[in-house]
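Peer 1: One structure is given below, represented as structure tokens, and several questions about it will come after.
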Amino acid sequence: MVFGTLTFAGTTGTITGKVIDGATNQPLIGMQISLGGHKEGITNTDFNGCYTFNNVPFGHYYIILRIPFGEGEFENITLDTTIVEKNIVLGDVPVENIEITSDKLKDTYVTPHFYATISFDKNVLYCGSFQVAWNKLQNDVFKEPLLLLGNPLDAQQLNKMELTENDLDSNSYVSIAGILNNLLLNQVNSELKRKFGYNAPFVSEAQDKDSRTILAYSFLYKNLNSQINLKKVYCR
């Protein structure tokens, strides 16, 4: 019996499966999966939505799938044979009522221009409404390209103004720039309320007494196609 226990403890196998979008029945690519209880159990789904953990000692584990707004833990899985298959179907996650702030997007880079690097381990979210706010700063406030300390790449690309307000649905965003004062704040809040009602925040910024503070504000609210799991996008 001692020999049998040692044999079981030293046996390894493979846990494999596929991650599928429950709404479209399509594979989900690049999803990060952790195998709880296994120190080397982190991988990503491939271009077919498949994942594999090799050389896993026989035992009990649990699967954690990282999704854009947090982590979802799935039921325990027991590896007691050479290969165990576990498919994961996403489709019942109630994302419609979750407000996702940028600090929660650990694996997502929000970019204001087209030139962000796309890598296998990062999501890239392009927020074009920020470019419109930058354009207003450049055209209406400073009357020239903006020169920031150190000449950062983001500023260089934004100064090209490759996207304009004509490229966006005017009913989906508010972008305003100018000297920070009550008049400007009232303009921002009036536009937000007119277009989005209670779905948009109320803007209240600290005002500089010498009136030298510039505010560039942009808010995007968009309902996506019902076939996409993530139904709403907020960008502020």
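Ordering of the structure tokens sets the chain letters (A, B, ...); residue numbers start at 1 within each chain; ligands are numbered from 1 in the order shown.
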Report as a PyMOL selection string all protein, DNA and RNA residues lying within 6 Å of stretch 46-53 of chain A, evaluated on only C-alpha atoms, omitting residues in the same chain fewer than 6 positions from it.

Peer 2: chain A and resi 14-19+27-29

Peer 1: With only C-alpha atoms as the counted atoms, please give the residues lying no more than 6 Å from stretch 170-181 of chain A, apart from itself and same-chain residues fewer than 3 positions off, as a VMD selection string.

Peer 2: chain A and resid 133 136 to 137 184 213 to 222

Peer 1: How would the residues just picked look written out with C-alpha atoms as a tab-separated table (two decimals), in the first residue's frame?

Peer 2:
```
chain	number	residue	atom	x	y	z
A	133	ALA	CA	-10.40	66.85	-26.84
A	136	LYS	CA	-9.82	71.34	-29.32
A	137	LEU	CA	-6.86	72.23	-27.11
A	184	LEU	CA	-16.94	75.59	-19.01
A	213	THR	CA	-5.88	76.11	-15.46
A	214	ILE	CA	-6.85	74.40	-18.73
A	215	LEU	CA	-9.38	71.57	-18.77
A	216	ALA	CA	-9.57	69.03	-21.59
A	217	TYR	CA	-12.48	66.69	-20.91
A	218	SER	CA	-13.71	63.70	-22.90
A	219	PHE	CA	-16.40	61.12	-22.13
A	220	LEU	CA	-17.41	58.22	-24.37
A	221	TYR	CA	-20.51	56.10	-23.83
A	222	LYS	CA	-21.28	53.37	-26.35
```

Peer 1: Leaving out A:Ala155 and any residue of its chain fewer than 6 positions from it, which residues lie within 12 Å of it when counting only C-alpha atoms, given as a list in words?

Peer 2: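 Contacts, in chain order: Thr111, Pro112, His113, Tyr115, Phe130, Gln131, Trp134, Asn135, Gln138, Pro145, Leu146, Leu147, Leu148, Leu149 and Met161 of chain A.
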
Peer 1: Can you check which residues of stretch 141-220 of chain A DSSP gives as strand (DSSP E or B) on the backbone and send them as a PyMOL selection string?

Peer 2: chain A and resi 173-179+214-220

Peer 1: So which residues touch A:Phe202 within 10 Å, counting only C-alpha atoms, skipping near sequence neighbours fewer than 5 positions away, as a list in words?

Peer 2: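 The filter keeps Leu185, Asn186, Val188, Asn189, Ser190, Leu192 and Lys193 of chain A.
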
Peer 1: Those residues with N, CA, C and O atoms, as a compact mmCIF listing (two decimals), in the first residue's frame please?

Peer 2:
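Resulting contents of result-v1.txt:
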```txt
# COMPACT_ATOMS: atom_id res chain seq x y z
N LEU A 185 -17.52 74.31 -17.01
CA LEU A 185 -18.07 73.16 -16.30
C LEU A 185 -19.56 73.01 -16.58
O LEU A 185 -20.05 71.89 -16.76
N ASN A 186 -20.28 74.11 -16.64
CA ASN A 186 -21.70 74.04 -16.96
C ASN A 186 -21.92 73.51 -18.37
O ASN A 186 -22.86 72.75 -18.63
N VAL A 188 -19.89 71.42 -20.00
CA VAL A 188 -19.60 69.99 -19.97
C VAL A 188 -20.78 69.22 -19.39
O VAL A 188 -21.26 68.24 -19.99
N ASN A 189 -21.28 69.64 -18.23
CA ASN A 189 -22.35 68.90 -17.56
C ASN A 189 -23.67 68.97 -18.34
O ASN A 189 -24.44 68.00 -18.36
N SER A 190 -23.91 70.08 -19.01
CA SER A 190 -25.13 70.20 -19.82
C SER A 190 -25.09 69.24 -21.00
O SER A 190 -26.09 68.58 -21.32
N LEU A 192 -23.29 66.45 -21.20
CA LEU A 192 -23.37 65.08 -20.68
C LEU A 192 -24.81 64.70 -20.37
O LEU A 192 -25.28 63.61 -20.73
N LYS A 193 -25.53 65.59 -19.72
CA LYS A 193 -26.92 65.29 -19.36
C LYS A 193 -27.80 65.20 -20.59
O LYS A 193 -28.67 64.33 -20.69
```

Peer 1: So which one's closest to A:Asn166, A:Gln187, A:Ser129, A:Asn182, A:Asn139? Using only C-alpha atoms, please.

Peer 2: A:Ser129

Peer 1: Separation of atom CA of A:Asn159 and atom CA of A:Phe114, in Å?

Peer 2: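 Computing it gives 12.3 Å between the two atoms.
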
Peer 1: Name all residues at most 7 Å from stretch 80-82 of chain A (count only C-alpha atoms; drop same-chain ones fewer than 4 positions away) and give them as a ChimeraX atom specification.

Peer 2: /A:13-14,58-59

Peer 1: State, in Å with one decimal place, the distance from atom CA of A:Ile88 to atom CA of A:Gly30.

Peer 2: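 Taking atom CA of A:Ile88 as the start and atom CA of A:Gly30 as the end point, the length is 13.9 Å.
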
Peer 1: Can you list, as a PyMOL selection string, all residues belonging to stretch 5-212 of chain A that DSSP tags as alpha helix (DSSP H)?

Peer 2: chain A and resi 5-9+128-136+153-158+182-196

Peer 1: One decimal, Å: what's the distance from atom CA of A:Leu65 over to atom CA of A:Thr24, could you say?

Peer 2: 18.4 Å
